[in-house]
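Everything below concerns the one structure shown next.
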Amino acid sequence: MARSTFYYQRHQALDGDKYASIKQRIRSIYDKHHGRYGYRRVTAAMR
């Protein structure tokens with residue numbers, strides 16, 4: 001593995017997920033409706 005790739009991957013792993021809160025919100029909407037919502041209905045519910 002190239003040195004630059006190693007440090008890039010290390011930084012990405014330590015930085016965390018900047019979309020974690022949005023992913024959690026999508027999952028809660030999806031689970032609330034028992035998996036019957038597709039991406040269009042989830043997007044509409046988020047707005």
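Going by the structure tokens order, chains are called A, B, ..., each with residues numbered from 1, while ligands are numbered from 1 in the order shown.
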
query: Where does DSSP see helix (DSSP H, G or I) in chain A, if you list the residues as a PyMOL selection string?
result: chain A and resi 3-15+20-32+39-46

Shell of 10 Å around Val42 in chain A, only C-alpha atoms, local chain residues under 2 positions omitted, as a PDB file with all heavy atoms, in the first residue's frame:
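Full text of result03.pdb as output:
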ATOM      1  N   ARG A  25     -31.543   9.105  10.953  1.00  0.00           N
ATOM      2  CA  ARG A  25     -32.897   9.618  10.706  1.00  0.00           C
ATOM      3  C   ARG A  25     -33.605   8.819   9.609  1.00  0.00           C
ATOM      4  O   ARG A  25     -34.789   8.491   9.732  1.00  0.00           O
ATOM      5  CB  ARG A  25     -32.796  11.090  10.315  1.00  0.00           C
ATOM      6  CG  ARG A  25     -34.104  11.805  10.303  1.00  0.00           C
ATOM      7  CD  ARG A  25     -33.898  13.289  10.209  1.00  0.00           C
ATOM      8  NE  ARG A  25     -35.144  13.931   9.857  1.00  0.00           N
ATOM      9  CZ  ARG A  25     -35.248  15.035   9.153  1.00  0.00           C
ATOM     10  NH1 ARG A  25     -34.170  15.664   8.765  1.00  0.00           N
ATOM     11  NH2 ARG A  25     -36.406  15.543   8.862  1.00  0.00           N
ATOM     12  N   ILE A  26     -32.878   8.487   8.555  1.00  0.00           N
ATOM     13  CA  ILE A  26     -33.440   7.667   7.476  1.00  0.00           C
ATOM     14  C   ILE A  26     -33.839   6.305   8.015  1.00  0.00           C
ATOM     15  O   ILE A  26     -34.928   5.795   7.725  1.00  0.00           O
ATOM     16  CB  ILE A  26     -32.431   7.526   6.320  1.00  0.00           C
ATOM     17  CG1 ILE A  26     -32.270   8.861   5.603  1.00  0.00           C
ATOM     18  CG2 ILE A  26     -32.859   6.436   5.344  1.00  0.00           C
ATOM     19  CD1 ILE A  26     -31.128   8.896   4.612  1.00  0.00           C
ATOM     20  N   ARG A  27     -32.965   5.703   8.818  1.00  0.00           N
ATOM     21  CA  ARG A  27     -33.245   4.383   9.383  1.00  0.00           C
ATOM     22  C   ARG A  27     -34.473   4.408  10.289  1.00  0.00           C
ATOM     23  O   ARG A  27     -35.304   3.503  10.255  1.00  0.00           O
ATOM     24  CB  ARG A  27     -32.026   3.892  10.157  1.00  0.00           C
ATOM     25  CG  ARG A  27     -32.218   2.588  10.912  1.00  0.00           C
ATOM     26  CD  ARG A  27     -32.678   1.451  10.054  1.00  0.00           C
ATOM     27  NE  ARG A  27     -31.627   0.948   9.217  1.00  0.00           N
ATOM     28  CZ  ARG A  27     -31.798  -0.053   8.348  1.00  0.00           C
ATOM     29  NH1 ARG A  27     -32.968  -0.646   8.225  1.00  0.00           N
ATOM     30  NH2 ARG A  27     -30.815  -0.452   7.603  1.00  0.00           N
ATOM     31  N   SER A  28     -34.645   5.483  11.072  1.00  0.00           N
ATOM     32  CA  SER A  28     -35.797   5.556  11.965  1.00  0.00           C
ATOM     33  C   SER A  28     -37.101   5.698  11.172  1.00  0.00           C
ATOM     34  O   SER A  28     -38.110   5.076  11.517  1.00  0.00           O
ATOM     35  CB  SER A  28     -35.647   6.700  12.963  1.00  0.00           C
ATOM     36  OG  SER A  28     -35.699   7.945  12.317  1.00  0.00           O
ATOM     37  N   ILE A  29     -37.100   6.490  10.100  1.00  0.00           N
ATOM     38  CA  ILE A  29     -38.290   6.631   9.244  1.00  0.00           C
ATOM     39  C   ILE A  29     -38.605   5.297   8.580  1.00  0.00           C
ATOM     40  O   ILE A  29     -39.765   4.864   8.544  1.00  0.00           O
ATOM     41  CB  ILE A  29     -38.084   7.737   8.184  1.00  0.00           C
ATOM     42  CG1 ILE A  29     -38.011   9.106   8.852  1.00  0.00           C
ATOM     43  CG2 ILE A  29     -39.185   7.715   7.145  1.00  0.00           C
ATOM     44  CD1 ILE A  29     -37.560  10.223   7.925  1.00  0.00           C
ATOM     45  N   TYR A  30     -37.578   4.629   8.075  1.00  0.00           N
ATOM     46  CA  TYR A  30     -37.749   3.340   7.402  1.00  0.00           C
ATOM     47  C   TYR A  30     -38.318   2.301   8.359  1.00  0.00           C
ATOM     48  O   TYR A  30     -39.246   1.569   8.028  1.00  0.00           O
ATOM     49  CB  TYR A  30     -36.398   2.894   6.848  1.00  0.00           C
ATOM     50  CG  TYR A  30     -36.426   1.608   6.066  1.00  0.00           C
ATOM     51  CD1 TYR A  30     -36.816   1.601   4.735  1.00  0.00           C
ATOM     52  CD2 TYR A  30     -36.024   0.413   6.642  1.00  0.00           C
ATOM     53  CE1 TYR A  30     -36.829   0.433   4.005  1.00  0.00           C
ATOM     54  CE2 TYR A  30     -36.033  -0.760   5.922  1.00  0.00           C
ATOM     55  CZ  TYR A  30     -36.439  -0.753   4.608  1.00  0.00           C
ATOM     56  OH  TYR A  30     -36.448  -1.917   3.891  1.00  0.00           O
ATOM     57  N   HIS A  33     -42.073   2.718   9.461  1.00  0.00           N
ATOM     58  CA  HIS A  33     -43.057   2.290   8.468  1.00  0.00           C
ATOM     59  C   HIS A  33     -42.818   0.853   8.013  1.00  0.00           C
ATOM     60  O   HIS A  33     -43.263   0.455   6.926  1.00  0.00           O
ATOM     61  CB  HIS A  33     -43.049   3.259   7.285  1.00  0.00           C
ATOM     62  CG  HIS A  33     -43.452   4.643   7.690  1.00  0.00           C
ATOM     63  ND1 HIS A  33     -44.748   4.991   7.930  1.00  0.00           N
ATOM     64  CD2 HIS A  33     -42.718   5.753   7.942  1.00  0.00           C
ATOM     65  CE1 HIS A  33     -44.811   6.256   8.297  1.00  0.00           C
ATOM     66  NE2 HIS A  33     -43.589   6.729   8.332  1.00  0.00           N
ATOM     67  N   ARG A  36     -41.626  -0.284   4.416  1.00  0.00           N
ATOM     68  CA  ARG A  36     -42.478  -0.107   3.243  1.00  0.00           C
ATOM     69  C   ARG A  36     -42.197   1.197   2.493  1.00  0.00           C
ATOM     70  O   ARG A  36     -42.789   1.435   1.452  1.00  0.00           O
ATOM     71  CB  ARG A  36     -43.950  -0.140   3.659  1.00  0.00           C
ATOM     72  CG  ARG A  36     -44.369  -1.488   4.174  1.00  0.00           C
ATOM     73  CD  ARG A  36     -45.858  -1.539   4.410  1.00  0.00           C
ATOM     74  NE  ARG A  36     -46.215  -2.753   5.119  1.00  0.00           N
ATOM     75  CZ  ARG A  36     -46.508  -2.812   6.403  1.00  0.00           C
ATOM     76  NH1 ARG A  36     -46.509  -1.711   7.133  1.00  0.00           N
ATOM     77  NH2 ARG A  36     -46.815  -3.945   6.959  1.00  0.00           N
ATOM     78  N   TYR A  37     -41.357   2.044   3.056  1.00  0.00           N
ATOM     79  CA  TYR A  37     -41.036   3.305   2.398  1.00  0.00           C
ATOM     80  C   TYR A  37     -39.796   3.141   1.532  1.00  0.00           C
ATOM     81  O   TYR A  37     -38.774   2.629   1.967  1.00  0.00           O
ATOM     82  CB  TYR A  37     -40.769   4.394   3.435  1.00  0.00           C
ATOM     83  CG  TYR A  37     -41.989   5.187   3.861  1.00  0.00           C
ATOM     84  CD1 TYR A  37     -43.269   4.721   3.668  1.00  0.00           C
ATOM     85  CD2 TYR A  37     -41.840   6.430   4.463  1.00  0.00           C
ATOM     86  CE1 TYR A  37     -44.373   5.444   4.060  1.00  0.00           C
ATOM     87  CE2 TYR A  37     -42.940   7.166   4.858  1.00  0.00           C
ATOM     88  CZ  TYR A  37     -44.196   6.666   4.646  1.00  0.00           C
ATOM     89  OH  TYR A  37     -45.281   7.391   5.039  1.00  0.00           O
ATOM     90  N   GLY A  38     -39.892   3.608   0.293  1.00  0.00           N
ATOM     91  CA  GLY A  38     -38.746   3.653  -0.600  1.00  0.00           C
ATOM     92  C   GLY A  38     -38.049   5.000  -0.455  1.00  0.00           C
ATOM     93  O   GLY A  38     -38.384   5.814   0.403  1.00  0.00           O
ATOM     94  N   TYR A  39     -37.072   5.233  -1.308  1.00  0.00           N
ATOM     95  CA  TYR A  39     -36.278   6.455  -1.168  1.00  0.00           C
ATOM     96  C   TYR A  39     -37.096   7.715  -1.419  1.00  0.00           C
ATOM     97  O   TYR A  39     -36.842   8.749  -0.802  1.00  0.00           O
ATOM     98  CB  TYR A  39     -35.048   6.410  -2.076  1.00  0.00           C
ATOM     99  CG  TYR A  39     -35.320   6.649  -3.547  1.00  0.00           C
ATOM    100  CD1 TYR A  39     -35.204   7.918  -4.090  1.00  0.00           C
ATOM    101  CD2 TYR A  39     -35.684   5.605  -4.393  1.00  0.00           C
ATOM    102  CE1 TYR A  39     -35.437   8.151  -5.430  1.00  0.00           C
ATOM    103  CE2 TYR A  39     -35.917   5.821  -5.724  1.00  0.00           C
ATOM    104  CZ  TYR A  39     -35.790   7.096  -6.238  1.00  0.00           C
ATOM    105  OH  TYR A  39     -36.031   7.319  -7.560  1.00  0.00           O
ATOM    106  N   ARG A  40     -38.097   7.651  -2.281  1.00  0.00           N
ATOM    107  CA  ARG A  40     -38.897   8.847  -2.561  1.00  0.00           C
ATOM    108  C   ARG A  40     -39.747   9.242  -1.360  1.00  0.00           C
ATOM    109  O   ARG A  40     -39.840  10.420  -1.006  1.00  0.00           O
ATOM    110  CB  ARG A  40     -39.788   8.627  -3.773  1.00  0.00           C
ATOM    111  CG  ARG A  40     -38.985   8.540  -5.055  1.00  0.00           C
ATOM    112  CD  ARG A  40     -39.884   8.340  -6.242  1.00  0.00           C
ATOM    113  NE  ARG A  40     -39.077   8.293  -7.450  1.00  0.00           N
ATOM    114  CZ  ARG A  40     -39.435   7.682  -8.541  1.00  0.00           C
ATOM    115  NH1 ARG A  40     -40.591   7.061  -8.622  1.00  0.00           N
ATOM    116  NH2 ARG A  40     -38.645   7.672  -9.588  1.00  0.00           N
ATOM    117  N   ALA A  44     -39.364  12.543   1.065  1.00  0.00           N
ATOM    118  CA  ALA A  44     -40.500  13.424   1.319  1.00  0.00           C
ATOM    119  C   ALA A  44     -40.764  13.567   2.815  1.00  0.00           C
ATOM    120  O   ALA A  44     -41.083  14.646   3.300  1.00  0.00           O
ATOM    121  CB  ALA A  44     -41.751  12.886   0.619  1.00  0.00           C
ATOM    122  N   ALA A  45     -40.633  12.490   3.555  1.00  0.00           N
ATOM    123  CA  ALA A  45     -40.836  12.536   5.008  1.00  0.00           C
ATOM    124  C   ALA A  45     -39.756  13.364   5.692  1.00  0.00           C
ATOM    125  O   ALA A  45     -40.023  14.030   6.696  1.00  0.00           O
ATOM    126  CB  ALA A  45     -40.846  11.121   5.575  1.00  0.00           C
ATOM    127  N   MET A  46     -38.553  13.348   5.158  1.00  0.00           N
ATOM    128  CA  MET A  46     -37.468  14.135   5.757  1.00  0.00           C
ATOM    129  C   MET A  46     -37.667  15.624   5.517  1.00  0.00           C
ATOM    130  O   MET A  46     -37.224  16.434   6.323  1.00  0.00           O
ATOM    131  CB  MET A  46     -36.120  13.686   5.218  1.00  0.00           C
ATOM    132  CG  MET A  46     -35.714  12.320   5.751  1.00  0.00           C
ATOM    133  SD  MET A  46     -34.119  11.789   5.148  1.00  0.00           S
ATOM    134  CE  MET A  46     -33.060  12.921   6.006  1.00  0.00           C
ATOM    135  N   ARG A  47     -38.318  15.975   4.428  1.00  0.00           N
ATOM    136  CA  ARG A  47     -38.547  17.380   4.140  1.00  0.00           C
ATOM    137  C   ARG A  47     -39.728  17.858   4.911  1.00  0.00           C
ATOM    138  O   ARG A  47     -39.897  18.793   5.491  1.00  0.00           O
ATOM    139  CB  ARG A  47     -38.795  17.584   2.649  1.00  0.00           C
ATOM    140  CG  ARG A  47     -37.562  17.322   1.856  1.00  0.00           C
ATOM    141  CD  ARG A  47     -37.770  17.633   0.419  1.00  0.00           C
ATOM    142  NE  ARG A  47     -36.531  17.347  -0.278  1.00  0.00           N
ATOM    143  CZ  ARG A  47     -36.437  17.172  -1.554  1.00  0.00           C
ATOM    144  NH1 ARG A  47     -37.478  17.261  -2.317  1.00  0.00           N
ATOM    145  NH2 ARG A  47     -35.285  16.899  -2.104  1.00  0.00           N
TER     146      ARG A  47
END

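Atom pair CA of Arg3 in chain A / CA of Lys18 in chain A: separated by 24.7 Å.
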
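The gap separating CA of Gln24 in chain A from CA of Tyr8 in chain A is 25.7 Å, in Å to one decimal.
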